[in-house]
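upload11.cif follows (mmCIF, C-alpha atoms; chains and numbers go by the auth columns):
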data_input
loop_
_atom_site.group_PDB
_atom_site.id
_atom_site.type_symbol
_atom_site.label_atom_id
_atom_site.label_comp_id
_atom_site.label_asym_id
_atom_site.label_seq_id
_atom_site.Cartn_x
_atom_site.Cartn_y
_atom_site.Cartn_z
_atom_site.B_iso_or_equiv
_atom_site.auth_seq_id
_atom_site.auth_asym_id
ATOM 1 C CA MET A 1 0.000 0.000 0.000 0.00 1 F
ATOM 2 C CA LYS A 2 2.838 2.364 0.860 0.00 2 F
ATOM 3 C CA ASN A 3 4.466 1.757 -2.558 0.00 3 F
ATOM 4 C CA GLN A 4 1.184 2.580 -4.321 0.00 4 F
ATOM 5 C CA SER A 5 0.967 5.869 -2.378 0.00 5 F
ATOM 6 C CA THR A 6 4.527 6.710 -3.376 0.00 6 F
ATOM 7 C CA ILE A 7 3.738 5.948 -7.015 0.00 7 F
ATOM 8 C CA ASN A 8 0.584 8.080 -6.869 0.00 8 F
ATOM 9 C CA ILE A 9 2.529 10.999 -5.398 0.00 9 F
ATOM 10 C CA PHE A 10 5.197 10.618 -8.086 0.00 10 F
ATOM 11 C CA VAL A 11 2.559 10.570 -10.857 0.00 11 F
ATOM 12 C CA LEU A 12 0.986 13.696 -9.394 0.00 12 F
ATOM 13 C CA PHE A 13 4.323 15.557 -9.287 0.00 13 F
ATOM 14 C CA ALA A 14 5.272 14.324 -12.749 0.00 14 F
ATOM 15 C CA SER A 15 1.926 15.537 -14.097 0.00 15 F
ATOM 16 C CA LEU A 16 2.336 18.926 -12.437 0.00 16 F
ATOM 17 C CA PHE A 17 5.871 19.272 -13.773 0.00 17 F
ATOM 18 C CA ALA A 18 4.779 18.268 -17.270 0.00 18 F
ATOM 19 C CA SER A 19 2.044 20.900 -17.234 0.00 19 F
ATOM 20 C CA LEU A 20 4.451 23.770 -16.561 0.00 20 F
ATOM 21 C CA HIS A 21 4.687 26.273 -19.408 0.00 21 F
ATOM 22 C CA VAL A 22 7.871 26.035 -21.448 0.00 22 F
ATOM 23 C CA ASP A 23 9.072 29.091 -23.355 0.00 23 F
ATOM 24 C CA SER A 24 9.093 27.772 -26.924 0.00 24 F
ATOM 25 C CA SER A 25 11.300 30.643 -28.136 0.00 25 F
ATOM 26 C CA GLU A 26 14.286 28.921 -26.490 0.00 26 F
ATOM 27 C CA PRO A 27 15.525 25.682 -28.054 0.00 27 F
ATOM 28 C CA LEU A 28 15.055 22.703 -25.765 0.00 28 F
ATOM 29 C CA SER A 29 18.161 21.277 -24.132 0.00 29 F
ATOM 30 C CA GLY A 30 18.207 17.482 -24.278 0.00 30 F
ATOM 31 C CA ALA A 31 20.715 17.374 -21.428 0.00 31 F
ATOM 32 C CA GLU A 32 18.476 19.554 -19.273 0.00 32 F
ATOM 33 C CA LEU A 33 15.450 17.403 -20.087 0.00 33 F
ATOM 34 C CA ILE A 34 17.375 14.284 -19.041 0.00 34 F
ATOM 35 C CA ASN A 35 18.381 16.007 -15.794 0.00 35 F
ATOM 36 C CA ASN A 36 14.877 17.254 -15.033 0.00 36 F
ATOM 37 C CA ASN A 37 12.961 14.112 -15.988 0.00 37 F
ATOM 38 C CA CYS A 38 15.031 10.914 -16.103 0.00 38 F
ATOM 39 C CA ALA A 39 17.216 11.598 -13.069 0.00 39 F
ATOM 40 C CA ARG A 40 14.201 12.038 -10.810 0.00 40 F
ATOM 41 C CA CYS A 41 13.202 8.375 -11.161 0.00 41 F
ATOM 42 C CA HIS A 42 16.426 6.509 -11.639 0.00 42 F
ATOM 43 C CA ASN A 43 20.085 6.977 -12.294 0.00 43 F
ATOM 44 C CA SER A 44 20.555 8.168 -15.817 0.00 44 F
ATOM 45 C CA ARG A 45 22.037 5.501 -18.042 0.00 45 F
ATOM 46 C CA PRO A 46 25.224 6.153 -19.986 0.00 46 F
ATOM 47 C CA ILE A 47 24.224 6.914 -23.562 0.00 47 F
ATOM 48 C CA GLN A 48 26.662 4.267 -24.784 0.00 48 F
ATOM 49 C CA GLU A 49 24.747 1.547 -22.902 0.00 49 F
ATOM 50 C CA PHE A 50 22.365 1.275 -25.862 0.00 50 F
ATOM 51 C CA SER A 51 22.759 1.977 -29.570 0.00 51 F
ATOM 52 C CA MET A 52 20.951 4.984 -31.018 0.00 52 F
ATOM 53 C CA SER A 53 18.460 2.667 -32.748 0.00 53 F
ATOM 54 C CA GLU A 54 17.686 1.109 -29.346 0.00 54 F
ATOM 55 C CA TRP A 55 17.300 4.546 -27.709 0.00 55 F
ATOM 56 C CA LYS A 56 14.864 5.495 -30.494 0.00 56 F
ATOM 57 C CA VAL A 57 12.686 2.578 -29.360 0.00 57 F
ATOM 58 C CA ILE A 58 13.165 3.202 -25.618 0.00 58 F
ATOM 59 C CA MET A 59 12.466 6.956 -25.586 0.00 59 F
ATOM 60 C CA PRO A 60 8.876 6.842 -26.960 0.00 60 F
ATOM 61 C CA HIS A 61 8.001 4.425 -24.142 0.00 61 F
ATOM 62 C CA MET A 62 9.629 6.765 -21.620 0.00 62 F
ATOM 63 C CA ARG A 63 7.716 9.665 -23.165 0.00 63 F
ATOM 64 C CA GLU A 64 4.464 8.307 -21.799 0.00 64 F
ATOM 65 C CA LYS A 65 5.893 7.412 -18.385 0.00 65 F
ATOM 66 C CA ALA A 66 7.659 10.761 -17.919 0.00 66 F
ATOM 67 C CA HIS A 67 4.889 12.827 -19.543 0.00 67 F
ATOM 68 C CA LEU A 68 7.248 14.223 -22.166 0.00 68 F
ATOM 69 C CA THR A 69 6.080 15.864 -25.364 0.00 69 F
ATOM 70 C CA GLY A 70 7.202 14.612 -28.739 0.00 70 F
ATOM 71 C CA THR A 71 9.366 17.731 -29.077 0.00 71 F
ATOM 72 C CA GLU A 72 11.052 17.010 -25.737 0.00 72 F
ATOM 73 C CA VAL A 73 11.770 13.403 -26.725 0.00 73 F
ATOM 74 C CA GLN A 74 13.254 14.621 -30.004 0.00 74 F
ATOM 75 C CA ALA A 75 15.457 17.130 -28.122 0.00 75 F
ATOM 76 C CA ILE A 76 16.721 14.304 -25.897 0.00 76 F
ATOM 77 C CA LEU A 77 17.408 12.083 -28.915 0.00 77 F
ATOM 78 C CA ASN A 78 19.203 14.972 -30.675 0.00 78 F
ATOM 79 C CA PHE A 79 21.413 15.442 -27.601 0.00 79 F
ATOM 80 C CA MET A 80 22.098 11.702 -27.506 0.00 80 F
ATOM 81 C CA GLU A 81 23.102 11.783 -31.191 0.00 81 F
ATOM 82 C CA ILE A 82 25.614 14.558 -30.474 0.00 82 F
ATOM 83 C CA ALA A 83 26.926 12.761 -27.397 0.00 83 F
ATOM 84 C CA ALA A 84 27.232 9.462 -29.260 0.00 84 F
ATOM 85 C CA THR A 85 29.153 10.976 -32.186 0.00 85 F
ATOM 86 C CA PRO A 86 32.921 10.597 -31.800 0.00 86 F
ATOM 87 C CA ALA A 87 34.978 13.750 -32.190 0.00 87 F
ATOM 88 C CA LYS A 88 36.548 13.972 -35.630 0.00 88 F
ATOM 89 C CA ALA A 89 39.922 15.434 -36.394 0.00 89 F
ATOM 90 C CA VAL A 90 39.646 18.564 -38.460 0.00 90 F
ATOM 91 C CA LYS A 91 42.125 19.122 -41.257 0.00 91 F
ATOM 92 C CA VAL A 92 43.062 22.798 -41.382 0.00 92 F
ATOM 93 C CA ILE A 93 44.510 24.032 -44.664 0.00 93 F
ATOM 94 C CA GLU A 94 45.367 27.505 -43.426 0.00 94 F
ATOM 95 C CA PRO A 95 45.740 28.307 -39.766 0.00 95 F
ATOM 96 C CA VAL A 96 42.702 30.267 -38.713 0.00 96 F
ATOM 97 C CA THR A 97 42.320 31.823 -35.307 0.00 97 F
ATOM 98 C CA ILE A 98 38.732 32.063 -34.186 0.00 98 F
ATOM 99 C CA ALA A 99 38.029 32.941 -30.596 0.00 99 F
ATOM 100 C CA VAL A 100 36.097 30.174 -28.864 0.00 100 F
ATOM 101 C CA ASP A 101 33.511 31.434 -26.389 0.00 101 F
ATOM 102 C CA PRO A 102 33.390 29.141 -23.330 0.00 102 F
ATOM 103 C CA ARG A 103 29.729 29.953 -22.712 0.00 103 F
ATOM 104 C CA GLU A 104 28.928 28.842 -26.259 0.00 104 F
ATOM 105 C CA VAL A 105 30.834 25.587 -25.602 0.00 105 F
ATOM 106 C CA LEU A 106 28.765 25.027 -22.432 0.00 106 F
ATOM 107 C CA THR A 107 25.581 25.590 -24.443 0.00 107 F
ATOM 108 C CA ARG A 108 26.579 23.497 -27.481 0.00 108 F
ATOM 109 C CA TYR A 109 27.323 20.414 -25.417 0.00 109 F
ATOM 110 C CA GLY A 110 24.479 20.951 -22.928 0.00 110 F
ATOM 111 C CA CYS A 111 26.849 20.975 -19.936 0.00 111 F
ATOM 112 C CA GLN A 112 24.479 23.026 -17.794 0.00 112 F
ATOM 113 C CA GLY A 113 21.706 20.524 -18.362 0.00 113 F
ATOM 114 C CA CYS A 114 23.447 18.380 -15.732 0.00 114 F
ATOM 115 C CA HIS A 115 26.052 20.673 -14.107 0.00 115 F
ATOM 116 C CA GLN A 116 25.833 24.069 -12.468 0.00 116 F
ATOM 117 C CA VAL A 117 28.144 26.851 -13.610 0.00 117 F
ATOM 118 C CA GLN A 118 28.031 30.127 -11.706 0.00 118 F
ATOM 119 C CA GLY A 119 24.854 29.031 -9.937 0.00 119 F
ATOM 120 C CA ALA A 120 22.868 28.137 -13.070 0.00 120 F
ATOM 121 C CA GLY A 121 22.192 24.658 -14.397 0.00 121 F
ATOM 122 C CA GLY A 122 21.241 21.147 -13.406 0.00 122 F
ATOM 123 C CA THR A 123 22.118 19.083 -10.386 0.00 123 F
ATOM 124 C CA LEU A 124 22.545 15.588 -11.864 0.00 124 F
ATOM 125 C CA GLY A 125 26.304 16.115 -12.063 0.00 125 F
ATOM 126 C CA PRO A 126 28.591 18.100 -9.768 0.00 126 F
ATOM 127 C CA SER A 127 28.995 21.852 -10.046 0.00 127 F
ATOM 128 C CA LEU A 128 31.809 22.828 -12.396 0.00 128 F
ATOM 129 C CA ASP A 129 32.650 26.064 -10.562 0.00 129 F
ATOM 130 C CA ASN A 130 35.386 24.534 -8.383 0.00 130 F
ATOM 131 C CA VAL A 131 36.221 21.360 -10.273 0.00 131 F
ATOM 132 C CA ILE A 132 39.640 22.581 -11.419 0.00 132 F
ATOM 133 C CA SER A 133 40.641 24.118 -8.102 0.00 133 F
ATOM 134 C CA ASP A 134 39.432 20.991 -6.237 0.00 134 F
ATOM 135 C CA ARG A 135 40.477 18.193 -8.606 0.00 135 F
ATOM 136 C CA GLY A 136 43.035 19.827 -10.928 0.00 136 F
ATOM 137 C CA LYS A 137 43.103 20.670 -14.613 0.00 137 F
ATOM 138 C CA ALA A 138 44.473 17.239 -15.621 0.00 138 F
ATOM 139 C CA PHE A 139 41.516 15.522 -13.923 0.00 139 F
ATOM 140 C CA PHE A 140 39.044 17.868 -15.644 0.00 140 F
ATOM 141 C CA LEU A 141 40.566 17.347 -19.099 0.00 141 F
ATOM 142 C CA ARG A 142 40.594 13.569 -18.702 0.00 142 F
ATOM 143 C CA LYS A 143 37.074 13.445 -17.230 0.00 143 F
ATOM 144 C CA VAL A 144 35.634 15.304 -20.216 0.00 144 F
ATOM 145 C CA LYS A 145 37.543 13.137 -22.708 0.00 145 F
ATOM 146 C CA GLU A 146 36.968 9.833 -20.817 0.00 146 F
ATOM 147 C CA PRO A 147 33.910 10.351 -18.553 0.00 147 F
ATOM 148 C CA GLN A 148 33.955 6.842 -17.075 0.00 148 F
ATOM 149 C CA PHE A 149 37.697 6.712 -16.279 0.00 149 F
ATOM 150 C CA ASN A 150 37.167 7.150 -12.521 0.00 150 F
ATOM 151 C CA ASN A 151 33.579 5.897 -12.280 0.00 151 F
ATOM 152 C CA ALA A 152 32.455 3.143 -14.653 0.00 152 F
ATOM 153 C CA SER A 153 28.780 3.857 -13.930 0.00 153 F
ATOM 154 C CA SER A 154 28.991 7.592 -14.642 0.00 154 F
ATOM 155 C CA ALA A 155 26.090 8.746 -16.814 0.00 155 F
ATOM 156 C CA MET A 156 28.190 11.526 -18.338 0.00 156 F
ATOM 157 C CA PRO A 157 28.429 11.002 -22.092 0.00 157 F
ATOM 158 C CA GLN A 158 31.684 11.297 -23.986 0.00 158 F
ATOM 159 C CA MET A 159 31.185 14.477 -25.973 0.00 159 F
ATOM 160 C CA PRO A 160 32.782 15.239 -29.344 0.00 160 F
ATOM 161 C CA ILE A 161 34.533 18.298 -27.887 0.00 161 F
ATOM 162 C CA THR A 162 37.715 19.524 -29.568 0.00 162 F
ATOM 163 C CA ASP A 163 40.972 20.048 -27.696 0.00 163 F
ATOM 164 C CA GLU A 164 40.720 23.816 -28.327 0.00 164 F
ATOM 165 C CA GLU A 165 37.181 23.974 -26.914 0.00 165 F
ATOM 166 C CA LEU A 166 38.278 21.925 -23.918 0.00 166 F
ATOM 167 C CA GLU A 167 41.243 24.224 -23.208 0.00 167 F
ATOM 168 C CA VAL A 168 39.026 27.321 -23.431 0.00 168 F
ATOM 169 C CA LEU A 169 36.520 25.703 -21.078 0.00 169 F
ATOM 170 C CA ALA A 170 39.282 24.735 -18.616 0.00 170 F
ATOM 171 C CA GLU A 171 40.592 28.308 -18.653 0.00 171 F
ATOM 172 C CA PHE A 172 37.080 29.656 -18.052 0.00 172 F
ATOM 173 C CA LEU A 173 36.556 27.298 -15.097 0.00 173 F
ATOM 174 C CA SER A 174 40.004 27.872 -13.579 0.00 174 F
ATOM 175 C CA PRO A 175 40.276 30.040 -10.468 0.00 175 F
ATOM 176 C CA LYS A 176 41.220 33.610 -11.281 0.00 176 F
#

Just dump the structure as structure tokens.
Amino acid sequence: MKNQSTINIFVLFASLFASLHVDSSEPLSGAELINNNCARCHNSRPIQEFSMSEWKVIMPHMREKAHLTGTEVQAILNFMEIAATPAKAVKVIEPVTIAVDPREVLTRYGCQGCHQVQGAGGTLGPSLDNVISDRGKAFFLRKVKEPQFNNASSAMPQMPITDEELEVLAEFLSPK
């Protein structure tokens, strides 16, 4: 009986959360949707645990259970596609210097869907504000490149981030 009450309370909260108005002028963040929906019920699974074709079967079933819209499911699948795509080496014919904006890197890879930066973002993963001062730059660089190196069950996906983007992000997150 107690389990049924817990389930009923969860369904009520999930329904209330699903009914909240979402500003459609902002693109949906798949990482944020995973943090706000999946992580509430169970530990998020590493994206690599299933193939993308398997996730495309799993997510519609989760849509109903988590009260997600079709657009939200598609945003999650789009994020999973990005996270599942290995980084490719870029052949540069002429050296070109383009400033990389760390905030744009955080947005592109959906980092704040799971992590907080300067007080904004998700709580599925640890805050990134002190990660370099607490764990060191080498740890940060390796964790982003090999998310499961220190925790095999980490849900953090391996992102196709370039070395330049990673260095800019490390500099941004380093203590001043």

For atom CA of Ala31 of chain F and atom CA of Gln116 of chain F, determine how far apart the two atoms are, in Å to one decimal place.
-> 12.3 Å

Please list as a tab-separated table (two decimals) with C-alpha atoms, in the coordinates of the input every residue within 7 Å of Asn35 of chain F, counting all atoms listed in the file and excluding residues in the same chain fewer than 4 positions away.
chain	number	residue	atom	x	y	z
F	31	ALA	CA	20.72	17.37	-21.43
F	39	ALA	CA	17.22	11.60	-13.07
F	113	GLY	CA	21.71	20.52	-18.36
F	114	CYS	CA	23.45	18.38	-15.73
F	122	GLY	CA	21.24	21.15	-13.41
F	124	LEU	CA	22.54	15.59	-11.86

Evaluate the PyMOL selection byres ((chain F and resi 46-56) around 8) and report residues as an mmCIF file with C-alpha atoms, in the coordinates of the input:
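Once everything was written out, this is part.cif:
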data_model
loop_
_atom_site.group_PDB
_atom_site.id
_atom_site.type_symbol
_atom_site.label_atom_id
_atom_site.label_comp_id
_atom_site.auth_asym_id
_atom_site.auth_seq_id
_atom_site.Cartn_x
_atom_site.Cartn_y
_atom_site.Cartn_z
ATOM 1 C CA SER F 44 20.555 8.168 -15.817
ATOM 2 C CA ARG F 45 22.037 5.501 -18.042
ATOM 3 C CA VAL F 57 12.686 2.578 -29.360
ATOM 4 C CA ILE F 58 13.165 3.202 -25.618
ATOM 5 C CA MET F 59 12.466 6.956 -25.586
ATOM 6 C CA PRO F 60 8.876 6.842 -26.960
ATOM 7 C CA LEU F 77 17.408 12.083 -28.915
ATOM 8 C CA MET F 80 22.098 11.702 -27.506
ATOM 9 C CA GLU F 81 23.102 11.783 -31.191
ATOM 10 C CA ALA F 83 26.926 12.761 -27.397
ATOM 11 C CA ALA F 84 27.232 9.462 -29.260
ATOM 12 C CA SER F 153 28.780 3.857 -13.930
ATOM 13 C CA SER F 154 28.991 7.592 -14.642
ATOM 14 C CA ALA F 155 26.090 8.746 -16.814
ATOM 15 C CA MET F 156 28.190 11.526 -18.338
ATOM 16 C CA PRO F 157 28.429 11.002 -22.092
#

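Atom pair atom CA of Pro102 of chain F / atom CA of Leu169 of chain F: separated by 5.2 Å.
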
In Å to one decimal, how far is atom CA of Ser133 of chain F from atom CA of Leu166 of chain F?
-> 16.1 Å

Hey, can you pull every residue with an atom no more than 10 Å from (37.1, 28.0, -16.4), using only C-alpha atoms, and send it as a list in words?
-> Pro102, Arg103, Val117, Leu128, Asp129, Asn130, Val131, Ile132, Ser133, Lys137, Leu166, Glu167, Val168, Leu169, Ala170, Glu171, Phe172, Leu173, Ser174, Pro175 and Lys176 of chain F

Pull out every residue that the PyMOL selection byres ((chain F and resi 30) around 12) matches in the shown coordinates and put them as a VMD selection string.
-> chain F and resid 27 to 29 31 to 38 68 71 to 83 107 to 114 122

Neighbourhood query: residues within 7 Å of (31.7, 10.8, -21.3), file coordinates, counting only C-alpha atoms; return as a count of residues only.
-> 9

Axis-aligned box for segment 117-120 of chain F, 4 Å per side, centre and edges in Å as JSON:
{"center_x": 25.5, "center_y": 28.5, "center_z": -11.8, "size_x": 13.3, "size_y": 11.3, "size_z": 11.7}
